[in-house]
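upload-v1.cif (mmCIF, C-alpha atoms and all ligand atoms) appears below.
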```cif
data_work
loop_
_atom_site.label_atom_id
_atom_site.label_comp_id
_atom_site.auth_asym_id
_atom_site.auth_seq_id
_atom_site.Cartn_x
_atom_site.Cartn_y
_atom_site.Cartn_z
CA MET A 130 68.56 65.39 67.76
CA PRO A 131 68.12 66.07 71.54
CA ASN A 132 67.81 69.74 72.56
CA LYS A 133 69.94 71.40 75.30
CA ARG A 134 67.27 70.81 77.96
CA GLN A 135 67.09 67.09 77.19
CA ILE A 136 70.89 66.83 77.25
CA LEU A 137 71.03 68.59 80.65
CA GLY A 138 68.18 66.46 82.03
CA ASP A 139 70.04 63.38 80.97
CA PHE A 140 73.27 64.76 82.50
CA TYR A 141 71.69 65.17 85.98
CA TYR A 142 70.05 61.76 85.75
CA LYS A 143 73.41 60.15 84.95
CA GLU A 144 75.22 62.22 87.56
CA ALA A 145 72.74 61.14 90.27
CA LYS A 146 73.24 57.50 89.27
CA ARG A 147 77.01 57.94 89.19
CA GLU A 148 76.96 59.34 92.74
CA GLY A 149 74.80 56.43 93.91
CA TYR A 150 71.59 58.38 94.51
CA ARG A 151 68.17 56.86 94.06
CA SER A 152 66.72 59.89 92.30
CA ARG A 153 67.95 62.87 90.30
CA SER A 154 65.98 64.92 92.88
CA ALA A 155 68.80 64.18 95.30
CA LEU A 156 70.98 66.63 93.38
CA LYS A 157 68.36 69.36 93.89
CA LEU A 158 68.44 68.98 97.67
CA LYS A 159 72.23 68.72 97.59
CA GLU A 160 72.43 72.08 95.86
CA ILE A 161 69.86 73.65 98.22
CA ALA A 162 71.65 72.28 101.29
CA SER A 163 75.03 73.47 100.07
CA ASN A 164 73.81 76.99 99.15
CA PHE A 165 71.61 77.64 102.17
CA LYS A 166 73.09 75.42 104.93
CA VAL A 167 69.62 74.35 106.03
CA ILE A 168 70.71 70.90 107.25
CA LYS A 169 73.31 70.44 109.96
CA PRO A 170 75.08 67.48 111.59
CA GLY A 171 72.92 66.03 114.37
CA ASP A 172 69.63 67.42 113.01
CA PHE A 173 66.26 65.72 113.46
CA ILE A 174 64.56 65.86 110.06
CA VAL A 175 61.24 64.75 108.64
CA ASP A 176 61.05 64.25 104.87
CA LEU A 177 57.51 64.38 103.48
CA GLY A 178 57.05 62.55 100.17
CA ALA A 179 60.36 60.74 100.50
CA ALA A 180 60.15 57.84 97.99
CA PRO A 181 62.29 56.48 96.46
CA GLY A 182 64.73 58.04 98.95
CA GLY A 183 67.20 60.30 97.12
CA TRP A 184 66.63 63.19 99.54
CA LEU A 185 66.92 60.78 102.47
CA GLN A 186 70.41 59.82 101.26
CA VAL A 187 71.49 63.48 101.10
CA GLU A 188 69.97 64.22 104.53
CA ARG A 189 71.72 61.21 106.10
CA GLU A 190 75.05 62.31 104.61
CA THR A 191 74.71 65.64 106.43
CA VAL A 192 73.15 64.69 109.77
CA GLY A 193 75.63 61.83 110.20
CA ASP A 194 75.38 59.33 113.06
CA GLY A 195 74.13 61.89 115.57
CA GLY A 196 70.93 62.92 113.77
CA ILE A 197 67.66 61.22 112.88
CA VAL A 198 65.94 61.30 109.51
CA VAL A 199 62.33 60.16 109.12
CA GLY A 200 60.95 59.58 105.63
CA ILE A 201 57.21 59.41 104.96
CA ASP A 202 55.55 58.35 101.73
CA LEU A 203 52.45 56.64 100.38
CA SER A 204 54.81 54.36 98.46
CA PHE A 205 57.21 51.78 99.81
CA ILE A 206 60.73 53.09 100.38
CA ARG A 207 63.54 50.56 100.18
CA PRO A 208 65.33 50.82 103.56
CA LEU A 209 68.65 52.65 103.77
CA PRO A 210 71.47 50.84 105.60
CA TYR A 211 71.45 53.18 108.62
CA ASP A 212 69.67 52.75 111.97
CA ASN A 213 68.94 56.47 112.17
CA VAL A 214 66.96 56.62 108.92
CA LYS A 215 63.39 55.72 109.85
CA LEU A 216 60.66 55.05 107.31
CA ILE A 217 56.90 55.36 107.55
CA ARG A 218 54.54 54.22 104.82
CA GLY A 219 51.52 56.47 105.15
CA ASP A 220 49.58 59.51 104.07
CA VAL A 221 50.78 62.89 105.33
CA GLU A 222 47.13 63.93 105.39
CA ASP A 223 46.63 61.49 108.27
CA PRO A 224 47.60 63.32 111.51
CA LYS A 225 48.64 60.01 113.12
CA VAL A 226 51.47 59.70 110.60
CA MET A 227 53.17 62.92 111.71
CA GLU A 228 52.68 61.88 115.34
CA GLU A 229 54.45 58.61 114.58
CA ALA A 230 57.38 60.48 112.99
CA PHE A 231 57.60 62.86 115.92
CA LYS A 232 57.96 59.95 118.36
CA PHE A 233 61.36 58.99 116.94
CA SER A 234 62.84 61.81 118.98
CA ASN A 235 61.72 63.58 122.12
CA LYS A 236 62.06 67.04 120.59
CA PRO A 237 60.52 68.99 117.69
CA PHE A 238 62.11 68.67 114.24
CA ASP A 239 65.01 70.92 113.30
CA VAL A 240 64.02 70.71 109.65
CA ILE A 241 60.88 69.74 107.74
CA VAL A 242 61.37 69.08 104.03
CA SER A 243 58.61 68.46 101.53
CA ASP A 244 59.08 67.23 97.98
CA LEU A 245 55.41 66.14 97.98
CA ALA A 246 53.81 65.84 94.56
CA PRO A 247 50.45 64.33 93.61
CA LYS A 248 49.96 61.92 90.70
CA PHE A 249 49.86 64.33 87.79
CA SER A 250 46.72 64.55 85.69
CA GLY A 251 48.33 66.64 82.97
CA VAL A 252 45.89 69.50 83.64
CA ARG A 253 48.31 72.19 84.76
CA ASP A 254 46.06 74.24 87.07
CA LEU A 255 44.56 71.15 88.68
CA ASP A 256 48.00 69.65 89.34
CA HIS A 257 49.15 73.01 90.72
CA ALA A 258 46.16 73.25 93.09
CA ARG A 259 46.67 69.68 94.35
CA GLN A 260 50.38 70.20 94.85
CA ILE A 261 49.89 73.49 96.70
CA GLY A 262 47.40 71.65 98.94
CA LEU A 263 50.12 69.15 99.85
CA ALA A 264 52.73 71.89 100.36
CA MET A 265 50.26 73.71 102.61
CA LEU A 266 49.88 70.56 104.73
CA ALA A 267 53.62 70.62 105.29
CA VAL A 268 53.50 74.28 106.34
CA LYS A 269 50.55 73.69 108.67
CA SER A 270 52.49 70.97 110.46
CA ALA A 271 55.18 73.49 111.51
CA PRO A 272 53.55 75.10 114.57
CA LYS A 273 53.16 71.69 116.19
CA TYR A 274 56.27 69.90 114.99
CA LEU A 275 59.01 72.37 114.01
CA ARG A 276 61.27 73.94 116.62
CA LYS A 277 61.50 77.71 116.92
CA GLY A 278 64.34 78.84 114.66
CA GLY A 279 63.98 75.67 112.54
CA ALA A 280 64.01 75.44 108.74
CA MET A 281 61.81 74.14 105.95
CA VAL A 282 62.41 73.27 102.30
CA ILE A 283 59.18 73.07 100.32
CA LYS A 284 58.63 72.12 96.70
CA VAL A 285 55.93 74.21 95.02
CA LEU A 286 54.57 74.16 91.48
CA MET A 287 54.15 77.63 90.04
CA GLY A 288 50.60 78.68 89.26
CA PRO A 289 47.80 81.01 90.37
CA GLU A 290 48.10 80.13 94.10
CA PHE A 291 51.86 80.56 94.24
CA GLU A 292 52.03 84.19 95.44
CA SER A 293 49.45 83.78 98.20
CA PHE A 294 51.20 80.58 99.32
CA CYS A 295 54.52 82.47 99.58
CA ARG A 296 52.82 85.25 101.55
CA ASP A 297 51.48 82.72 104.07
CA VAL A 298 54.87 81.08 104.47
CA ARG A 299 56.66 84.43 104.90
CA ARG A 300 54.52 85.15 107.97
CA SER A 301 56.10 82.19 109.78
CA PHE A 302 59.80 82.52 108.90
CA ILE A 303 62.43 85.22 109.23
CA GLN A 304 63.84 84.42 105.79
CA VAL A 305 62.20 82.78 102.76
CA ARG A 306 64.11 82.33 99.50
CA ILE A 307 62.67 81.06 96.24
CA PHE A 308 65.21 78.86 94.50
CA LYS A 309 65.22 76.68 91.40
CA PRO A 310 68.12 74.20 91.49
CA LYS A 311 70.08 73.50 88.31
CA ALA A 312 68.97 69.86 88.39
CA SER A 313 65.33 70.96 88.11
CA ARG A 314 64.24 70.87 84.47
CA ASP A 315 63.54 74.27 82.86
CA SER A 316 60.35 72.74 81.52
CA SER A 317 59.16 71.92 85.05
CA SER A 318 57.07 74.50 86.89
CA GLU A 319 58.55 73.36 90.19
CA THR A 320 60.55 75.63 92.42
CA TYR A 321 61.63 75.44 96.08
CA LEU A 322 60.97 77.66 99.06
CA VAL A 323 63.92 77.63 101.43
CA CYS A 324 62.70 78.93 104.78
CA LYS A 325 64.90 79.71 107.77
CA GLY A 326 64.21 80.98 111.27
CA PHE A 327 60.78 79.59 112.14
CA ILE A 328 59.02 82.20 114.22
CA GLY A 329 56.56 79.79 115.79
C1 LIG B 401 58.87 63.82 93.67
S1 LIG B 401 58.52 62.43 94.67
C2 LIG B 401 59.71 62.59 95.96
C3 LIG B 401 61.13 62.25 95.54
C4 LIG B 401 62.07 62.19 96.73
N1 LIG B 401 62.30 63.50 97.29
C5 LIG B 401 63.41 61.59 96.36
O1 LIG B 401 64.40 62.31 96.29
O2 LIG B 401 63.48 60.38 96.19
C6 LIG B 401 57.02 62.91 95.44
C7 LIG B 401 56.46 61.87 96.40
O3 LIG B 401 55.35 62.43 97.12
C8 LIG B 401 54.57 61.32 97.53
N2 LIG B 401 53.24 61.72 98.01
C9 LIG B 401 52.27 62.37 97.33
N3 LIG B 401 51.18 62.57 98.10
C10 LIG B 401 51.48 62.05 99.32
C11 LIG B 401 50.77 61.95 100.56
N4 LIG B 401 49.52 62.41 100.69
N5 LIG B 401 51.38 61.34 101.61
C12 LIG B 401 52.64 60.84 101.49
N6 LIG B 401 53.35 60.92 100.35
C13 LIG B 401 52.79 61.49 99.28
C14 LIG B 401 54.51 60.46 96.29
O4 LIG B 401 54.15 59.13 96.59
C15 LIG B 401 55.94 60.60 95.73
O5 LIG B 401 56.74 59.52 96.10
#
```
Could I get this file's structure written as structure tokens?
Amino acid sequence: MPNKRQILGDFYYKEAKREGYRSRSALKLKEIASNFKVIKPGDFIVDLGAAPGGWLQVERETVGDGGIVVGIDLSFIRPLPYDNVKLIRGDVEDPKVMEEAFKFSNKPFDVIVSDLAPKFSGVRDLDHARQIGLAMLAVKSAPKYLRKGGAMVIKVLMGPEFESFCRDVRRSFIQVRIFKPKASRDSSSETYLVCKGFIG
């Protein structure tokens, strides 16, 4: 007999499929975007760890024809049928990859989102440390690539480094909210930092 968590997990999976999204994660960003209004029509967005592309679909829905969305991932992302959704297959740890993304527009990003996650080993603290390392890379890209006043959405796995990570992020933004979307499984240690008003 499935428990409540499994039933809910299954519900969001089916709901994402029903709405035509490539991942149930899309519903997490949809909820974040609707609650916090972090993405606006016409925005220039970079999506770090974008495969298979569920977040890209949600971002494109909001930015419309006037914005640009750039997705980066180690894995192949099946192209979306829009000219203004650009894809880069590469490692965010390689500085040339961010440079390439940046060149799609002549201005800094309005929003940087990161759903980056390493391949999980099953060792909770190790996975947490690796994931925080990736989230930190996203944050460190902000001074060079995010416009003043811009926003970030960052996935973080809870663990020993979580508080110090939040402290670092709070130094760079006027507002930082910690938010766990309904579509995120209770059993998952993931949560999202929604950051607005980049100080620069
Ligand atoms: C949870 S998935 C992202 C799901 C995506 N937001 C969606 O809605 O479809 C995390 C992604 O991070 C990517 N990733 C992990 N480390 C990376 C790195 N160093 N550079 C680029 N992508 C990376 C993985 O390949 C994986 O596709």
Can you tell me, as a count of residues only, what residues are no more than 10 Å from Tyr274 of chain A when counting all atoms listed in the file, ignoring any on the same chain fewer than 3 positions away? 17
When you draw a straight line from atom CA of Phe249 of chain A to atom CA of Tyr150 of chain A, how long is it in Å?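 Value for the atom CA of Phe249 of chain A-atom CA of Tyr150 of chain A distance: 23.5 Å.
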Restricting the calculation to only C-alpha atoms and all ligand atoms, which member of A:Asp244, A:Glu148, A:Asp212, A:Asp223 is positioned closest to ligand LIG 401 (chain B)?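 Checking each candidate against ligand LIG 401 (chain B), we get A:Asp244 as the closest.
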Please identify every residue of chain A that has at least one atom no farther than 10 Å from an atom of ligand LIG 401 (chain B), counting all atoms listed in the file, and for each give the shortest atom pair and the distance in Å to one decimal, arranged by chain then increasing number, as JSON lines.
```
{"residue": "A:Tyr150", "atom": "CA", "partner": "B:LIG401", "partner_atom": "O1", "distance": 8.4}
{"residue": "A:Arg151", "atom": "CA", "partner": "B:LIG401", "partner_atom": "O2", "distance": 6.2}
{"residue": "A:Ser152", "atom": "CA", "partner": "B:LIG401", "partner_atom": "O2", "distance": 5.1}
{"residue": "A:Arg153", "atom": "CA", "partner": "B:LIG401", "partner_atom": "O1", "distance": 7.0}
{"residue": "A:Ser154", "atom": "CA", "partner": "B:LIG401", "partner_atom": "O1", "distance": 4.6}
{"residue": "A:Ala155", "atom": "CA", "partner": "B:LIG401", "partner_atom": "O1", "distance": 4.9}
{"residue": "A:Leu156", "atom": "CA", "partner": "B:LIG401", "partner_atom": "O1", "distance": 8.4}
{"residue": "A:Lys157", "atom": "CA", "partner": "B:LIG401", "partner_atom": "O1", "distance": 8.4}
{"residue": "A:Leu158", "atom": "CA", "partner": "B:LIG401", "partner_atom": "O1", "distance": 7.9}
{"residue": "A:Asp176", "atom": "CA", "partner": "B:LIG401", "partner_atom": "N1", "distance": 7.7}
{"residue": "A:Leu177", "atom": "CA", "partner": "B:LIG401", "partner_atom": "N6", "distance": 6.3}
{"residue": "A:Gly178", "atom": "CA", "partner": "B:LIG401", "partner_atom": "O3", "distance": 3.5}
{"residue": "A:Ala179", "atom": "CA", "partner": "B:LIG401", "partner_atom": "C4", "distance": 4.4}
{"residue": "A:Ala180", "atom": "CA", "partner": "B:LIG401", "partner_atom": "O5", "distance": 4.2}
{"residue": "A:Pro181", "atom": "CA", "partner": "B:LIG401", "partner_atom": "O2", "distance": 4.1}
{"residue": "A:Gly182", "atom": "CA", "partner": "B:LIG401", "partner_atom": "O2", "distance": 3.8}
{"residue": "A:Gly183", "atom": "CA", "partner": "B:LIG401", "partner_atom": "O1", "distance": 3.5}
{"residue": "A:Trp184", "atom": "CA", "partner": "B:LIG401", "partner_atom": "O1", "distance": 4.0}
{"residue": "A:Leu185", "atom": "CA", "partner": "B:LIG401", "partner_atom": "O1", "distance": 6.8}
{"residue": "A:Gln186", "atom": "CA", "partner": "B:LIG401", "partner_atom": "O1", "distance": 8.2}
{"residue": "A:Val187", "atom": "CA", "partner": "B:LIG401", "partner_atom": "O1", "distance": 8.6}
{"residue": "A:Gly200", "atom": "CA", "partner": "B:LIG401", "partner_atom": "N1", "distance": 9.3}
{"residue": "A:Ile201", "atom": "CA", "partner": "B:LIG401", "partner_atom": "C12", "distance": 5.9}
{"residue": "A:Asp202", "atom": "CA", "partner": "B:LIG401", "partner_atom": "N6", "distance": 3.7}
{"residue": "A:Leu203", "atom": "CA", "partner": "B:LIG401", "partner_atom": "C12", "distance": 4.3}
{"residue": "A:Ser204", "atom": "CA", "partner": "B:LIG401", "partner_atom": "O4", "distance": 5.2}
{"residue": "A:Phe205", "atom": "CA", "partner": "B:LIG401", "partner_atom": "O4", "distance": 8.6}
{"residue": "A:Ile206", "atom": "CA", "partner": "B:LIG401", "partner_atom": "O5", "distance": 8.7}
{"residue": "A:Ile217", "atom": "CA", "partner": "B:LIG401", "partner_atom": "C12", "distance": 9.2}
{"residue": "A:Arg218", "atom": "CA", "partner": "B:LIG401", "partner_atom": "C12", "distance": 7.7}
{"residue": "A:Gly219", "atom": "CA", "partner": "B:LIG401", "partner_atom": "C12", "distance": 5.8}
{"residue": "A:Asp220", "atom": "CA", "partner": "B:LIG401", "partner_atom": "N5", "distance": 3.6}
{"residue": "A:Val221", "atom": "CA", "partner": "B:LIG401", "partner_atom": "N5", "distance": 4.1}
{"residue": "A:Glu222", "atom": "CA", "partner": "B:LIG401", "partner_atom": "N4", "distance": 5.5}
{"residue": "A:Asp223", "atom": "CA", "partner": "B:LIG401", "partner_atom": "N4", "distance": 8.2}
{"residue": "A:Val226", "atom": "CA", "partner": "B:LIG401", "partner_atom": "N5", "distance": 9.1}
{"residue": "A:Val242", "atom": "CA", "partner": "B:LIG401", "partner_atom": "N1", "distance": 8.8}
{"residue": "A:Ser243", "atom": "CA", "partner": "B:LIG401", "partner_atom": "N1", "distance": 7.5}
{"residue": "A:Asp244", "atom": "CA", "partner": "B:LIG401", "partner_atom": "N1", "distance": 5.0}
{"residue": "A:Leu245", "atom": "CA", "partner": "B:LIG401", "partner_atom": "O3", "distance": 3.8}
{"residue": "A:Ala246", "atom": "CA", "partner": "B:LIG401", "partner_atom": "C6", "distance": 4.4}
{"residue": "A:Pro247", "atom": "CA", "partner": "B:LIG401", "partner_atom": "C9", "distance": 4.6}
{"residue": "A:Lys248", "atom": "CA", "partner": "B:LIG401", "partner_atom": "C9", "distance": 7.0}
{"residue": "A:Arg259", "atom": "CA", "partner": "B:LIG401", "partner_atom": "N3", "distance": 9.2}
{"residue": "A:Gln260", "atom": "CA", "partner": "B:LIG401", "partner_atom": "N3", "distance": 8.3}
{"residue": "A:Gly262", "atom": "CA", "partner": "B:LIG401", "partner_atom": "N4", "distance": 9.6}
{"residue": "A:Leu263", "atom": "CA", "partner": "B:LIG401", "partner_atom": "N4", "distance": 6.8}
{"residue": "A:Ala264", "atom": "CA", "partner": "B:LIG401", "partner_atom": "N3", "distance": 9.7}
{"residue": "A:Leu266", "atom": "CA", "partner": "B:LIG401", "partner_atom": "N4", "distance": 9.1}
{"residue": "A:Lys284", "atom": "CA", "partner": "B:LIG401", "partner_atom": "C1", "distance": 8.8}
```
Which residue, A:Ser317, A:Asn213, A:Gln304, A:Ser163, has the smallest gap to Met281 of chain A when you use all atoms listed in the file?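 Of A:Ser317, A:Asn213, A:Gln304, A:Ser163, the one nearest Met281 of chain A, counting all atoms listed in the file, is A:Gln304.
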Please report as CSV every residue of segment 190-283 of chain A lying within 7 Å of segment 165-169 of chain A, along with the nearest atom pair and their distance in Å (one decimal), using all atoms listed in the file.
```
residue,atom,partner,partner_atom,distance
A:Thr191,CA,A:Lys169,CA,6.1
A:Val192,CA,A:Lys169,CA,5.8
A:Ala280,CA,A:Val167,CA,6.3
```
Rank A:Ile197, A:Met265, A:Lys273, A:Phe173 by their smallest atom-to-atom distance to Ser293 of chain A, using only C-alpha atoms, and report the top residue only. A:Met265
Considering all atoms listed in the file, can you say which of A:Val298, A:Val199, A:Val305, A:Val282 comes closest to Ala162 of chain A? A:Val282
Interatomic distance between atom CA of Gly278 of chain A and atom CA of Ile328 of chain A?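 Going from atom CA of Gly278 of chain A over to atom CA of Ile328 of chain A, I get 6.3 Å.
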Point-to-point distance in Å for atom CA of Arg253 of chain A and atom CA of Thr320 of chain A: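 Here the two named atoms are 14.8 Å from each other.
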Would you please work out which residue, of A:Arg276, A:Arg314, A:Lys325, A:Arg300, is nearest to Asp139 of chain A when using only C-alpha atoms?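 The answer is A:Arg314, which sits nearest to Asp139 of chain A.
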Give as a VMD selection string every residue, naming chains and numbers as the document does, that has an atom within 10 Å of (50.4, 78.4, 94.4), counting all atoms listed in the file. chain A and resid 254 257 to 262 264 to 265 285 to 295
Fix up segment 309-320 of chain A with all heavy atoms, then write it as a PDB file, keeping the file's coordinate frame.
```pdb
ATOM      1  N   LYS A 309      65.385  77.795  92.344  1.00  0.00           N
ATOM      2  CA  LYS A 309      65.220  76.680  91.400  1.00  0.00           C
ATOM      3  C   LYS A 309      66.596  76.047  91.153  1.00  0.00           C
ATOM      4  O   LYS A 309      67.461  76.669  90.529  1.00  0.00           O
ATOM      5  CB  LYS A 309      64.628  77.179  90.083  1.00  0.00           C
ATOM      6  CG  LYS A 309      64.247  76.035  89.142  1.00  0.00           C
ATOM      7  CD  LYS A 309      63.333  76.500  88.051  1.00  0.00           C
ATOM      8  CE  LYS A 309      63.079  75.415  87.032  1.00  0.00           C
ATOM      9  NZ  LYS A 309      62.084  74.419  87.462  1.00  0.00           N
ATOM     10  N   PRO A 310      66.805  74.837  91.662  1.00  0.00           N
ATOM     11  CA  PRO A 310      68.120  74.200  91.490  1.00  0.00           C
ATOM     12  C   PRO A 310      68.405  73.890  90.018  1.00  0.00           C
ATOM     13  O   PRO A 310      67.482  73.712  89.229  1.00  0.00           O
ATOM     14  CB  PRO A 310      67.999  72.906  92.295  1.00  0.00           C
ATOM     15  CG  PRO A 310      66.767  73.040  93.112  1.00  0.00           C
ATOM     16  CD  PRO A 310      65.873  74.000  92.429  1.00  0.00           C
ATOM     17  N   LYS A 311      69.691  73.794  89.707  1.00  0.00           N
ATOM     18  CA  LYS A 311      70.080  73.500  88.310  1.00  0.00           C
ATOM     19  C   LYS A 311      69.531  72.151  87.853  1.00  0.00           C
ATOM     20  O   LYS A 311      69.219  71.977  86.680  1.00  0.00           O
ATOM     21  CB  LYS A 311      71.608  73.487  88.193  1.00  0.00           C
ATOM     22  CG  LYS A 311      72.245  74.852  88.386  1.00  0.00           C
ATOM     23  CD  LYS A 311      73.711  74.809  87.949  1.00  0.00           C
ATOM     24  CE  LYS A 311      74.464  76.025  88.423  1.00  0.00           C
ATOM     25  NZ  LYS A 311      74.908  75.911  89.831  1.00  0.00           N
ATOM     26  N   ALA A 312      69.435  71.201  88.776  1.00  0.00           N
ATOM     27  CA  ALA A 312      68.970  69.860  88.390  1.00  0.00           C
ATOM     28  C   ALA A 312      67.474  69.815  88.127  1.00  0.00           C
ATOM     29  O   ALA A 312      66.955  68.791  87.692  1.00  0.00           O
ATOM     30  CB  ALA A 312      69.339  68.859  89.485  1.00  0.00           C
ATOM     31  N   SER A 313      66.776  70.920  88.395  1.00  0.00           N
ATOM     32  CA  SER A 313      65.330  70.960  88.110  1.00  0.00           C
ATOM     33  C   SER A 313      65.158  71.369  86.641  1.00  0.00           C
ATOM     34  O   SER A 313      65.717  72.375  86.204  1.00  0.00           O
ATOM     35  CB  SER A 313      64.666  71.984  89.035  1.00  0.00           C
ATOM     36  OG  SER A 313      63.305  72.106  88.709  1.00  0.00           O
ATOM     37  N   ARG A 314      64.398  70.589  85.910  1.00  0.00           N
ATOM     38  CA  ARG A 314      64.240  70.870  84.470  1.00  0.00           C
ATOM     39  C   ARG A 314      63.625  72.239  84.240  1.00  0.00           C
ATOM     40  O   ARG A 314      62.677  72.624  84.935  1.00  0.00           O
ATOM     41  CB  ARG A 314      63.329  69.822  83.831  1.00  0.00           C
ATOM     42  CG  ARG A 314      63.930  68.446  83.777  1.00  0.00           C
ATOM     43  CD  ARG A 314      63.013  67.506  83.003  1.00  0.00           C
ATOM     44  NE  ARG A 314      63.633  66.207  82.821  1.00  0.00           N
ATOM     45  CZ  ARG A 314      63.510  65.205  83.694  1.00  0.00           C
ATOM     46  NH1 ARG A 314      62.799  65.359  84.794  1.00  0.00           N
ATOM     47  NH2 ARG A 314      64.099  64.043  83.476  1.00  0.00           N
ATOM     48  N   ASP A 315      64.136  72.963  83.222  1.00  0.00           N
ATOM     49  CA  ASP A 315      63.540  74.270  82.860  1.00  0.00           C
ATOM     50  C   ASP A 315      62.065  74.098  82.526  1.00  0.00           C
ATOM     51  O   ASP A 315      61.252  74.974  82.779  1.00  0.00           O
ATOM     52  CB  ASP A 315      64.244  74.846  81.621  1.00  0.00           C
ATOM     53  CG  ASP A 315      65.619  75.382  81.984  1.00  0.00           C
ATOM     54  OD1 ASP A 315      65.924  75.430  83.187  1.00  0.00           O
ATOM     55  OD2 ASP A 315      66.370  75.736  81.049  1.00  0.00           O
ATOM     56  N   SER A 316      61.737  72.960  81.953  1.00  0.00           N
ATOM     57  CA  SER A 316      60.350  72.740  81.520  1.00  0.00           C
ATOM     58  C   SER A 316      59.420  72.484  82.700  1.00  0.00           C
ATOM     59  O   SER A 316      58.204  72.543  82.566  1.00  0.00           O
ATOM     60  CB  SER A 316      60.293  71.542  80.571  1.00  0.00           C
ATOM     61  OG  SER A 316      60.815  70.404  81.231  1.00  0.00           O
ATOM     62  N   SER A 317      60.000  72.201  83.882  1.00  0.00           N
ATOM     63  CA  SER A 317      59.160  71.920  85.050  1.00  0.00           C
ATOM     64  C   SER A 317      58.777  73.222  85.741  1.00  0.00           C
ATOM     65  O   SER A 317      59.605  74.122  85.877  1.00  0.00           O
ATOM     66  CB  SER A 317      59.921  71.017  86.025  1.00  0.00           C
ATOM     67  OG  SER A 317      59.293  71.042  87.279  1.00  0.00           O
ATOM     68  N   SER A 318      57.526  73.283  86.205  1.00  0.00           N
ATOM     69  CA  SER A 318      57.070  74.500  86.890  1.00  0.00           C
ATOM     70  C   SER A 318      57.450  74.471  88.366  1.00  0.00           C
ATOM     71  O   SER A 318      57.055  75.337  89.123  1.00  0.00           O
ATOM     72  CB  SER A 318      55.559  74.662  86.728  1.00  0.00           C
ATOM     73  OG  SER A 318      54.910  73.610  87.402  1.00  0.00           O
ATOM     74  N   GLU A 319      58.218  73.460  88.767  1.00  0.00           N
ATOM     75  CA  GLU A 319      58.550  73.360  90.190  1.00  0.00           C
ATOM     76  C   GLU A 319      59.620  74.383  90.597  1.00  0.00           C
ATOM     77  O   GLU A 319      60.487  74.762  89.813  1.00  0.00           O
ATOM     78  CB  GLU A 319      59.059  71.954  90.541  1.00  0.00           C
ATOM     79  CG  GLU A 319      60.473  71.717  90.102  1.00  0.00           C
ATOM     80  CD  GLU A 319      60.989  70.322  90.420  1.00  0.00           C
ATOM     81  OE1 GLU A 319      60.241  69.450  90.879  1.00  0.00           O
ATOM     82  OE2 GLU A 319      62.196  70.104  90.172  1.00  0.00           O
ATOM     83  N   THR A 320      59.499  74.827  91.830  1.00  0.00           N
ATOM     84  CA  THR A 320      60.550  75.630  92.420  1.00  0.00           C
ATOM     85  C   THR A 320      60.542  75.298  93.917  1.00  0.00           C
ATOM     86  O   THR A 320      59.667  74.571  94.384  1.00  0.00           O
ATOM     87  CB  THR A 320      60.311  77.139  92.138  1.00  0.00           C
ATOM     88  OG1 THR A 320      61.478  77.861  92.468  1.00  0.00           O
ATOM     89  CG2 THR A 320      59.149  77.708  92.940  1.00  0.00           C
TER      90      THR A 320
END
```
